[in-house]
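Enquirer: Sharing coords-v3.tsv (TSV, C-alpha atoms) below.
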```
chain	number	residue	atom	x	y	z
X	1	MET	CA	2.46	4.15	-36.48
X	2	THR	CA	-0.53	5.86	-34.94
X	3	GLU	CA	-0.39	6.62	-31.27
X	4	ASP	CA	-2.96	5.29	-28.88
X	5	GLU	CA	-4.61	7.89	-26.73
X	6	ILE	CA	-6.35	7.12	-23.46
X	7	ARG	CA	-8.34	9.66	-21.49
X	8	LEU	CA	-9.27	9.51	-17.85
X	9	ALA	CA	-11.15	12.11	-15.81
X	10	VAL	CA	-11.45	11.69	-12.05
X	11	PRO	CA	-12.79	13.84	-9.22
X	12	ALA	CA	-10.04	16.00	-7.69
X	13	SER	CA	-9.85	13.89	-4.58
X	14	PRO	CA	-6.94	11.82	-3.17
X	15	GLU	CA	-8.97	8.60	-3.25
X	16	PHE	CA	-8.92	8.61	-7.06
X	17	VAL	CA	-5.17	9.08	-7.38
X	18	ARG	CA	-4.82	5.31	-7.03
X	19	LEU	CA	-6.93	4.86	-10.14
X	20	ALA	CA	-4.74	7.26	-12.10
X	21	ARG	CA	-1.61	5.48	-10.92
X	22	LEU	CA	-3.04	2.06	-11.71
X	23	THR	CA	-4.03	3.23	-15.18
X	24	ALA	CA	-0.53	4.62	-15.74
X	25	ALA	CA	0.99	1.32	-14.60
X	26	GLY	CA	-1.22	-0.67	-16.95
X	27	LEU	CA	-0.34	1.54	-19.90
X	28	ALA	CA	3.36	1.57	-19.04
X	29	ASN	CA	3.25	-2.21	-19.10
X	30	ARG	CA	1.69	-2.13	-22.58
X	31	VAL	CA	4.67	-0.14	-23.78
X	32	GLY	CA	6.98	-2.72	-22.21
X	33	PHE	CA	8.33	-0.78	-19.25
X	34	THR	CA	10.29	-2.72	-16.64
X	35	TYR	CA	9.24	-2.95	-13.00
X	36	ASP	CA	11.45	0.01	-12.06
X	37	GLU	CA	10.13	2.07	-14.95
X	38	VAL	CA	6.53	1.25	-14.05
X	39	GLU	CA	7.28	2.30	-10.46
X	40	ASP	CA	8.82	5.53	-11.76
X	41	LEU	CA	5.75	6.36	-13.80
X	42	ARG	CA	3.44	5.52	-10.92
X	43	ILE	CA	5.41	7.84	-8.67
X	44	ALA	CA	5.27	10.57	-11.32
X	45	VAL	CA	1.52	10.31	-11.86
X	46	GLY	CA	0.92	10.28	-8.13
X	47	GLU	CA	3.11	13.35	-7.77
X	48	ALA	CA	1.36	15.12	-10.65
X	49	CYS	CA	-2.03	14.42	-9.12
X	50	SER	CA	-0.94	15.60	-5.67
X	51	HIS	CA	0.33	18.76	-7.29
X	52	LEU	CA	-3.04	19.36	-8.94
X	53	ILE	CA	-5.26	18.19	-6.14
X	54	GLY	CA	-3.41	19.17	-2.98
X	55	THR	CA	-3.27	16.93	0.04
X	56	GLY	CA	-6.90	17.24	1.01
X	57	GLY	CA	-8.62	17.26	-2.37
X	58	ARG	CA	-10.79	20.02	-3.74
X	59	ALA	CA	-13.84	20.62	-5.91
X	60	GLY	CA	-13.66	19.95	-9.65
X	61	SER	CA	-11.85	17.21	-11.48
X	62	VAL	CA	-8.51	16.19	-12.92
X	63	SER	CA	-8.30	15.00	-16.50
X	64	LEU	CA	-5.42	12.89	-17.73
X	65	VAL	CA	-4.54	12.18	-21.33
X	66	PHE	CA	-2.11	9.31	-21.85
X	67	ARG	CA	-0.38	8.97	-25.22
X	68	LEU	CA	1.44	5.76	-25.99
X	69	GLY	CA	4.36	5.93	-28.34
X	70	ALA	CA	6.43	3.00	-29.58
X	71	ASN	CA	8.65	3.18	-26.53
X	72	GLU	CA	7.36	6.03	-24.42
X	73	VAL	CA	4.37	7.31	-22.49
X	74	ARG	CA	3.39	10.96	-22.47
X	75	ILE	CA	0.88	12.26	-19.99
X	76	GLU	CA	-0.95	15.55	-19.77
X	77	ALA	CA	-2.75	16.12	-16.50
X	78	LYS	CA	-4.98	19.13	-16.02
X	79	ALA	CA	-7.07	20.41	-13.18
X	80	SER	CA	-10.46	21.63	-14.30
X	81	GLY	CA	-12.83	23.74	-12.28
X	82	ALA	CA	-10.77	25.87	-9.92
X	83	ALA	CA	-7.22	26.54	-11.13
X	84	GLY	CA	-5.19	24.21	-9.00
X	85	PRO	CA	-5.42	23.67	-5.28
X	86	SER	CA	-5.81	26.52	-2.85
X	87	ASP	CA	-2.48	28.01	-1.82
X	88	GLY	CA	-2.34	26.64	1.70
X	89	ASP	CA	-3.04	23.12	0.53
X	90	THR	CA	-0.58	22.44	-2.21
X	91	ALA	CA	2.22	19.92	-2.00
X	92	ASP	CA	5.69	21.46	-1.93
X	93	PRO	CA	6.36	22.32	-5.62
X	94	ALA	CA	10.14	22.27	-5.20
X	95	MET	CA	9.96	18.77	-3.78
X	96	SER	CA	7.55	17.75	-6.54
X	97	ALA	CA	9.97	19.02	-9.17
X	98	GLN	CA	12.84	17.16	-7.53
X	99	ILE	CA	10.85	13.95	-7.51
X	100	LEU	CA	9.61	14.29	-11.09
X	101	ASP	CA	13.11	15.07	-12.27
X	102	ALA	CA	14.27	11.78	-10.79
X	103	VAL	CA	11.62	9.53	-12.28
X	104	VAL	CA	10.73	10.83	-15.77
X	105	ASP	CA	12.73	11.96	-18.79
X	106	GLU	CA	10.89	15.20	-19.27
X	107	PHE	CA	8.33	17.14	-17.27
X	108	HIS	CA	6.67	20.49	-17.06
X	109	LEU	CA	5.08	21.60	-13.84
X	110	ALA	CA	2.66	24.52	-13.96
X	111	ARG	CA	-0.18	25.73	-11.83
X	112	GLY	CA	-3.13	23.55	-12.80
X	113	ALA	CA	-1.27	21.47	-15.40
X	114	VAL	CA	1.51	18.88	-15.51
X	115	PHE	CA	3.22	17.28	-18.49
X	116	LEU	CA	5.21	14.06	-18.16
X	117	ARG	CA	7.22	12.02	-20.62
X	118	LYS	CA	8.94	8.75	-19.88
X	119	ARG	CA	10.82	6.55	-22.32
X	120	ARG	CA	11.52	2.87	-22.06
X	121	ALA	CA	15.19	2.08	-21.64
X	122	ASP	CA	16.79	0.08	-24.42
X	123	GLY	CA	17.90	-3.47	-23.90
X	124	VAL	CA	14.59	-4.96	-22.86
X	125	ARG	CA	12.14	-6.01	-25.53
X	126	ALA	CA	8.51	-5.08	-25.24
X	127	SER	CA	6.56	-8.00	-23.83
D	128	MET	CA	-29.65	-19.66	14.46
D	129	SER	CA	-31.70	-22.81	14.17
D	130	LEU	CA	-31.14	-24.20	17.63
D	131	ASP	CA	-33.88	-26.30	19.15
D	132	ASP	CA	-35.13	-25.78	22.69
D	133	ALA	CA	-33.05	-28.57	24.16
D	134	GLU	CA	-29.87	-27.12	22.68
D	135	ARG	CA	-30.84	-23.70	23.96
D	136	GLN	CA	-31.22	-25.04	27.46
D	137	VAL	CA	-27.84	-26.71	27.34
D	138	LEU	CA	-26.17	-23.52	26.11
D	139	ARG	CA	-27.97	-21.45	28.71
D	140	ALA	CA	-26.61	-23.70	31.41
D	141	LYS	CA	-23.16	-23.42	29.86
D	142	PHE	CA	-23.33	-19.63	29.86
D	143	LYS	CA	-24.26	-19.72	33.54
D	144	GLU	CA	-21.38	-22.08	34.24
D	145	TYR	CA	-18.99	-19.81	32.36
D	146	GLY	CA	-20.33	-16.76	34.21
D	147	ARG	CA	-19.69	-18.53	37.49
D	148	THR	CA	-16.34	-20.19	36.82
D	149	GLY	CA	-14.80	-18.25	33.91
D	150	GLU	CA	-13.57	-21.65	32.71
D	151	ARG	CA	-11.74	-21.30	29.38
D	152	SER	CA	-12.85	-24.64	27.97
D	153	VAL	CA	-16.49	-23.71	28.59
D	154	ARG	CA	-15.94	-20.39	26.86
D	155	ASP	CA	-14.41	-22.17	23.86
D	156	GLU	CA	-17.37	-24.54	23.66
D	157	LEU	CA	-19.75	-21.59	23.65
D	158	ILE	CA	-17.77	-19.87	20.91
D	159	GLU	CA	-17.76	-22.99	18.76
D	160	ALA	CA	-21.48	-23.46	19.26
D	161	HIS	CA	-22.11	-20.01	17.80
D	162	LEU	CA	-19.55	-19.87	15.01
D	163	ARG	CA	-22.33	-20.21	12.46
D	164	LEU	CA	-23.78	-16.93	13.64
D	165	ALA	CA	-20.41	-15.23	13.03
D	166	GLU	CA	-20.18	-16.78	9.57
D	167	HIS	CA	-23.70	-15.77	8.75
D	168	LEU	CA	-23.03	-12.14	9.67
D	169	ALA	CA	-19.64	-12.12	7.92
D	170	ARG	CA	-21.35	-13.16	4.70
D	171	ARG	CA	-23.49	-10.02	4.84
D	172	PHE	CA	-20.33	-7.93	4.58
D	173	SER	CA	-18.78	-9.80	1.66
D	174	ASN	CA	-18.57	-8.22	-1.80
D	175	ARG	CA	-16.97	-5.12	-0.36
D	176	GLY	CA	-13.46	-6.00	-1.38
D	177	VAL	CA	-12.58	-7.95	1.75
D	178	ALA	CA	-12.09	-11.72	1.48
D	179	LEU	CA	-14.75	-13.77	3.25
D	180	ASP	CA	-12.10	-15.63	5.24
D	181	ASP	CA	-10.89	-12.35	6.70
D	182	LEU	CA	-14.44	-11.29	7.51
D	183	VAL	CA	-15.18	-14.57	9.27
D	184	GLN	CA	-12.08	-14.07	11.40
D	185	VAL	CA	-13.13	-10.56	12.32
D	186	ALA	CA	-16.67	-11.76	13.08
D	187	SER	CA	-15.28	-14.56	15.25
D	188	LEU	CA	-13.37	-11.98	17.24
D	189	GLY	CA	-16.64	-10.17	17.85
D	190	LEU	CA	-18.20	-13.47	18.85
D	191	VAL	CA	-15.49	-14.06	21.45
D	192	LYS	CA	-16.17	-10.65	22.94
D	193	ALA	CA	-19.90	-11.29	22.97
D	194	VAL	CA	-19.51	-14.67	24.69
D	195	GLU	CA	-17.31	-13.11	27.35
D	196	ARG	CA	-19.75	-10.29	28.05
D	197	PHE	CA	-23.05	-12.13	27.78
D	198	ASP	CA	-25.14	-12.34	30.95
D	199	PRO	CA	-27.84	-15.05	30.57
D	200	ASP	CA	-29.76	-13.72	33.57
D	201	ARG	CA	-30.77	-10.59	31.68
D	202	GLY	CA	-33.23	-12.68	29.69
D	203	LEU	CA	-31.87	-11.82	26.24
D	204	GLU	CA	-31.24	-14.47	23.61
D	205	PHE	CA	-27.51	-14.79	22.99
D	206	SER	CA	-27.91	-14.16	19.24
D	207	THR	CA	-29.82	-10.94	19.97
D	208	PHE	CA	-27.07	-9.81	22.28
D	209	ALA	CA	-24.16	-10.90	20.06
D	210	THR	CA	-25.30	-9.57	16.70
D	211	PRO	CA	-24.61	-5.86	17.34
D	212	THR	CA	-21.21	-6.71	18.83
D	213	ILE	CA	-20.21	-8.83	15.85
D	214	VAL	CA	-21.55	-6.34	13.33
D	215	GLY	CA	-19.60	-3.62	15.14
D	216	GLU	CA	-16.39	-5.60	14.67
D	217	LEU	CA	-17.20	-6.24	11.01
D	218	LYS	CA	-17.70	-2.55	10.35
D	219	ARG	CA	-14.43	-1.64	11.98
D	220	PRO	CA	-12.09	-2.53	9.08
D	221	PHE	CA	-14.13	-0.32	6.76
D	222	ARG	CA	-14.25	2.50	9.28
D	223	ASP	CA	-10.58	2.36	10.30
D	224	LYS	CA	-9.40	2.49	6.74
D	225	GLY	CA	-11.32	5.64	5.93
D	226	TRP	CA	-11.40	6.11	2.18
D	227	SER	CA	-8.36	3.98	1.67
D	228	VAL	CA	-8.87	0.87	-0.42
D	229	ARG	CA	-9.10	-2.42	1.41
D	230	VAL	CA	-6.68	-4.86	-0.10
D	231	PRO	CA	-7.76	-8.50	-0.29
D	232	ARG	CA	-5.36	-10.84	1.43
D	233	ARG	CA	-4.56	-12.58	-1.87
D	234	VAL	CA	-3.26	-9.27	-3.26
D	235	GLN	CA	-1.36	-8.53	-0.04
D	236	GLU	CA	0.39	-11.89	-0.29
D	237	LEU	CA	1.17	-11.31	-3.95
D	238	HIS	CA	2.56	-7.90	-3.02
D	239	VAL	CA	5.04	-9.49	-0.63
D	240	GLU	CA	5.92	-12.25	-3.10
D	241	ILE	CA	6.56	-9.76	-5.89
D	242	ASN	CA	8.80	-7.66	-3.71
D	243	THR	CA	10.95	-10.73	-3.16
D	244	LEU	CA	10.89	-11.74	-6.83
D	245	VAL	CA	11.93	-8.27	-7.97
D	246	GLY	CA	15.06	-8.53	-5.86
D	247	GLU	CA	15.90	-12.01	-7.16
D	248	LEU	CA	15.19	-11.27	-10.81
D	249	THR	CA	17.00	-7.94	-10.78
D	250	GLN	CA	20.08	-9.74	-9.53
D	251	ARG	CA	19.80	-12.62	-11.96
D	252	LEU	CA	19.02	-10.55	-15.06
D	253	GLY	CA	21.24	-7.62	-14.20
D	254	ARG	CA	18.35	-5.29	-14.96
D	255	SER	CA	14.88	-4.53	-13.72
D	256	PRO	CA	12.46	-7.32	-14.71
D	257	THR	CA	9.43	-6.71	-16.91
D	258	ILE	CA	5.93	-7.08	-15.52
D	259	ALA	CA	5.44	-10.12	-17.78
D	260	GLU	CA	8.54	-11.77	-16.28
D	261	LEU	CA	7.26	-11.15	-12.76
D	262	ALA	CA	3.81	-12.48	-13.64
D	263	GLY	CA	5.43	-15.59	-15.10
D	264	MET	CA	7.50	-16.21	-11.97
D	265	ALA	CA	4.53	-15.66	-9.68
D	266	SER	CA	2.23	-17.74	-11.95
D	267	THR	CA	-0.28	-14.94	-12.15
D	268	SER	CA	-1.51	-12.33	-14.62
D	269	GLU	CA	0.20	-9.05	-15.44
D	270	GLU	CA	-2.88	-7.18	-14.21
D	271	GLU	CA	-2.57	-8.85	-10.82
D	272	VAL	CA	1.09	-7.89	-10.59
D	273	LEU	CA	0.19	-4.25	-11.31
D	274	GLU	CA	-2.58	-4.35	-8.74
D	275	ALA	CA	-0.23	-5.82	-6.16
D	276	MET	CA	2.29	-3.03	-6.86
D	277	GLU	CA	-0.39	-0.44	-6.24
D	278	ALA	CA	-1.29	-2.24	-3.01
D	279	ALA	CA	1.85	-0.73	-1.48
D	280	GLN	CA	-0.12	2.42	-0.96
D	281	ALA	CA	-3.02	0.86	0.88
D	282	TYR	CA	-0.56	-0.72	3.31
D	283	ARG	CA	0.31	2.58	4.81
D	284	SER	CA	-3.20	3.51	5.79
D	285	ALA	CA	-2.43	1.79	9.10
D	286	SER	CA	-1.87	4.35	11.81
D	287	ILE	CA	1.74	4.72	12.78
D	288	ASP	CA	0.74	4.37	16.44
D	289	ALA	CA	-1.65	1.48	15.93
D	290	PRO	CA	-0.50	-1.82	17.44
D	291	THR	CA	0.97	-3.98	14.71
D	292	GLY	CA	-0.08	-7.23	16.37
D	293	GLY	CA	2.77	-9.62	15.59
D	294	GLY	CA	3.18	-12.00	18.51
D	295	ASP	CA	1.36	-11.88	21.83
D	296	ASP	CA	4.00	-9.78	23.48
D	297	ASP	CA	4.27	-7.45	20.54
D	298	THR	CA	1.78	-4.75	21.41
D	299	ARG	CA	4.02	-1.79	20.74
D	300	GLY	CA	2.88	0.68	18.13
D	301	LEU	CA	4.51	0.80	14.75
D	302	ALA	CA	6.22	4.06	15.70
D	303	ALA	CA	8.14	2.33	18.47
D	304	GLN	CA	9.37	-0.36	16.10
D	305	LEU	CA	10.69	1.98	13.46
D	306	GLY	CA	13.86	2.42	15.42
D	307	ASP	CA	16.02	5.42	15.85
D	308	GLU	CA	17.37	7.57	13.10
D	309	ASP	CA	20.29	5.88	11.40
D	310	VAL	CA	23.70	7.17	12.29
D	311	ASN	CA	24.39	10.19	10.16
D	312	LEU	CA	26.58	8.81	7.44
D	313	PHE	CA	28.03	12.00	6.23
D	314	GLU	CA	30.35	14.03	8.35
D	315	ALA	CA	30.85	17.63	7.40
D	316	GLU	CA	34.20	17.06	5.73
D	317	ASN	CA	32.88	14.31	3.53
D	318	ARG	CA	29.75	16.16	2.65
D	319	LEU	CA	31.30	18.11	-0.19
D	320	LEU	CA	32.89	15.06	-1.74
D	321	ILE	CA	29.63	13.15	-1.44
D	322	ALA	CA	27.55	15.99	-2.79
D	323	ASP	CA	29.86	16.13	-5.76
D	324	LEU	CA	29.76	12.40	-6.41
D	325	LEU	CA	26.03	12.33	-5.90
D	326	THR	CA	25.48	14.21	-9.14
D	327	THR	CA	27.18	11.41	-11.06
D	328	LEU	CA	24.58	8.86	-9.94
D	329	PRO	CA	21.39	8.12	-11.89
D	330	LYS	CA	18.65	10.55	-10.89
D	331	ARG	CA	16.43	8.05	-9.14
D	332	GLU	CA	19.32	7.01	-6.90
D	333	GLN	CA	20.18	10.64	-6.22
D	334	LEU	CA	16.63	11.33	-5.14
D	335	MET	CA	16.60	8.40	-2.70
D	336	LEU	CA	19.84	9.51	-1.06
D	337	ARG	CA	18.73	13.14	-0.93
D	338	LEU	CA	15.43	12.32	0.72
D	339	ARG	CA	17.01	9.88	3.13
D	340	PHE	CA	20.14	11.76	4.20
D	341	PHE	CA	19.70	15.39	3.23
D	342	GLU	CA	16.00	15.75	4.01
D	343	GLY	CA	16.40	13.32	6.92
D	344	MET	CA	13.31	11.31	5.99
D	345	THR	CA	12.95	7.73	7.22
D	346	GLN	CA	12.46	4.92	4.73
D	347	SER	CA	8.79	4.70	5.56
D	348	GLN	CA	8.37	8.45	5.15
D	349	ILE	CA	9.95	8.20	1.70
D	350	ALA	CA	7.71	5.26	0.83
D	351	ASP	CA	4.78	7.29	2.03
D	352	ARG	CA	5.73	10.35	0.04
D	353	LEU	CA	6.28	8.44	-3.19
D	354	GLY	CA	3.50	5.91	-2.83
D	355	ILE	CA	5.78	2.90	-3.18
D	356	SER	CA	6.52	0.09	-0.75
D	357	GLN	CA	9.12	0.50	1.94
D	358	MET	CA	10.82	-2.61	0.60
D	359	HIS	CA	11.29	-0.89	-2.75
D	360	VAL	CA	12.71	2.18	-1.02
D	361	SER	CA	15.06	-0.03	0.94
D	362	ARG	CA	16.20	-1.76	-2.24
D	363	LEU	CA	16.76	1.52	-4.09
D	364	LEU	CA	18.67	2.96	-1.14
D	365	ALA	CA	20.92	-0.08	-0.90
D	366	LYS	CA	21.61	0.17	-4.64
D	367	SER	CA	22.27	3.90	-4.39
D	368	LEU	CA	24.62	3.53	-1.44
D	369	GLY	CA	26.46	0.73	-3.23
D	370	GLN	CA	27.01	2.89	-6.29
D	371	LEU	CA	28.09	5.79	-4.13
D	372	ARG	CA	30.54	3.59	-2.24
D	373	ASP	CA	32.07	2.42	-5.53
D	374	ARG	CA	32.58	6.00	-6.60
D	375	VAL	CA	34.04	7.06	-3.25
D	376	GLU	CA	36.57	4.23	-3.45
D	377	HIS	CA	37.45	5.31	-6.96
D	378	ALA	CA	37.82	8.91	-5.87
D	379	ASP	CA	40.11	7.90	-3.03
D	380	GLY	CA	42.11	5.44	-5.10
```
Output the structure of this file as structure tokens.

Expert:
Amino acid sequence: MTEDEIRLAVPASPEFVRLARLTAAGLANRVGFTYDEVEDLRIAVGEACSHLIGTGGRAGSVSLVFRLGANEVRIEAKASGAAGPSDGDTADPAMSAQILDAVVDEFHLARGAVFLRKRRADGVRAS
Amino acid sequence: MSLDDAERQVLRAKFKEYGRTGERSVRDELIEAHLRLAEHLARRFSNRGVALDDLVQVASLGLVKAVERFDPDRGLEFSTFATPTIVGELKRPFRDKGWSVRVPRRVQELHVEINTLVGELTQRLGRSPTIAELAGMASTSEEEVLEAMEAAQAYRSASIDAPTGGGDDDTRGLAAQLGDEDVNLFEAENRLLIADLLTTLPKREQLMLRLRFFEGMTQSQIADRLGISQMHVSRLLAKSLGQLRDRVEHADG
């Protein structure tokens, strides 16, 4: 089957993280994620955005590409403009890694880019 | 508002009486007589994501203040005097929240309801419910459920030291109500055993326990950090501790 691809670009500011998380939740629901799995993906997207934006926001934008598989969501988030947040203003990357590790199946955390992959657990049919 | 001269005279006399006596029943009469002004102003602030009911309540609060402060001898019309006070109150919710999204009360209520339903359904089904199942139980749409989940984040825009305003006597800040740090569960000797068993738990549960007991974060700090509701953190922690307890008993046995 062909994969659906959804793109979202938002200003690199904390107030738009909610939109990214809400989008992720909506798409996770399409793939049939459970409540816990939706929460996990929301946490992951929020964490990815914080990593790219920093706590106070910055100039430029963050672009997210969501790819919907039969039972998984893959997300590529990239900071455009300046390469990632300024050094003094970045969320703790070790903590971010710890959090991402707990909520998604696969992730890659780089300066200015984050990759996330989360699969739906078996046992629950897609709605 | 469209008061005729006779009504104005009556109200003027009432204001003077209230200024003289401070009688509560007179004050209440004056407030009721001007409720339409509060409603009128509240309507001007609708369509900004705050329910009209909430706005009218806020405006009424401003009206109460205006009635209490109004001095009829200064020669101002009450509506002229009250409008800036009421508008000031109406602007406050938008100002206090900064950029944070105002959550309509309907969504707030749904947020609370869903938190309860998640607990019930998880228990009954033996797994996490789907969004469709939650929407069905709450008789609402899946989109609304997702929106209510995201509302967890807007909740925490309240200042930790701001009064939470429960009952009349409850004027302590949120910080004072959070309580002391829980008793440290892990004594040094048990730490190694626990740390070992911890790695056998699912990762999400591990994270909750790490943040709570190793990083020493409170439940609300964890909720804050992860952008989920404190109730969800509490539920995950309870689940994690339960699993850990099972494993400890096995290890001892």

Enquirer: Set the cut-off to 8 Å and count only C-alpha atoms: what are the residues of chain X that reach chain D? Output as number ranges by chain.

Expert: X: 15, 18, 21-22, 25-26, 29, 32-36, 39, 43, 46-47, 98-99, 101-103, 127

Enquirer: In Å, rounded to a single decimal, give me how far CA of Ser61 (chain X) is from CA of Lys78 (chain X).

Expert: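 So the answer is 8.5 Å.
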
Enquirer: What's around region 71-76 of chain X at 8 Å? Count only C-alpha atoms, leave out sequence neighbours fewer than 5 positions away in its own chain, and write the answer as a list in words.

Expert: Leu27, Ala28, Val31, Gly32, Leu64, Val65, Phe66, Ala113, Val114, Phe115, Leu116, Arg117, Lys118, Arg119 and Arg120 of chain X

Enquirer: Calculate, to one decimal in Å, the centre and edge lengths of the box along x, y and z of the file that holds all listed atoms of region 56-73 of chain X with 8 Å of margin on each side, and present them as lines of an AutoDock Vina configuration file.

Expert:
```
center_x = -2.6
center_y = 11.8
center_z = -14.3
size_x = 38.5
size_y = 33.6
size_z = 46.6
```

Enquirer: So how many Å separate CA of Ala59 (chain X) and CA of Asp351 (chain D), to one decimal?

Expert: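 Calculated distance between CA of Ala59 (chain X) and CA of Asp351 (chain D) is 24.2 Å.
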
Enquirer: Report, in Å to a single decimal, how far apart CA of Ala140 (chain D) and CA of Val214 (chain D) are.

Expert: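 Straight-line distance from CA of Val214 (chain D) to CA of Ala140 (chain D) works out to 25.6 Å.
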
Enquirer: Kindly indicate which residue among D:Glu342, D:Glu150, D:Asp181, D:Glu216 lies nearest to Ala193 (chain D), using all atoms listed in the file for the distances.

Expert: D:Glu216

Enquirer: Would you please work out which residue, of X:Thr55, X:Asp40, X:Val62, X:Pro93, is nearest to Leu8 (chain X) when using all atoms listed in the file?

Expert: X:Val62

Enquirer: Name the closest residue to Leu109 (chain X) among the candidates X:Ala94, X:Ala70, X:Leu19, X:Ile53; distances are taken between atoms, counting all atoms listed in the file.

Expert: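 The shortest atom-to-atom distance to Leu109 (chain X) comes from X:Ala94.
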
Enquirer: Taking (-11.0, 17.2, -8.2) in the coordinates of the supplied file, I want to know which residues reach to within 10 Å of it, counting all atoms listed in the file; could you give the answer as a list in words?

Expert: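 Protein and nucleic acid residues near the point are Ala9, Val10, Pro11, Ala12, Ser13, Pro14, Phe16, Cys49, Leu52, Ile53, Gly54, Gly57, Arg58, Ala59, Gly60, Ser61, Val62, Ser63, Ala79, Ser80, Gly81, Ala82, Gly84 and Pro85 of chain X.
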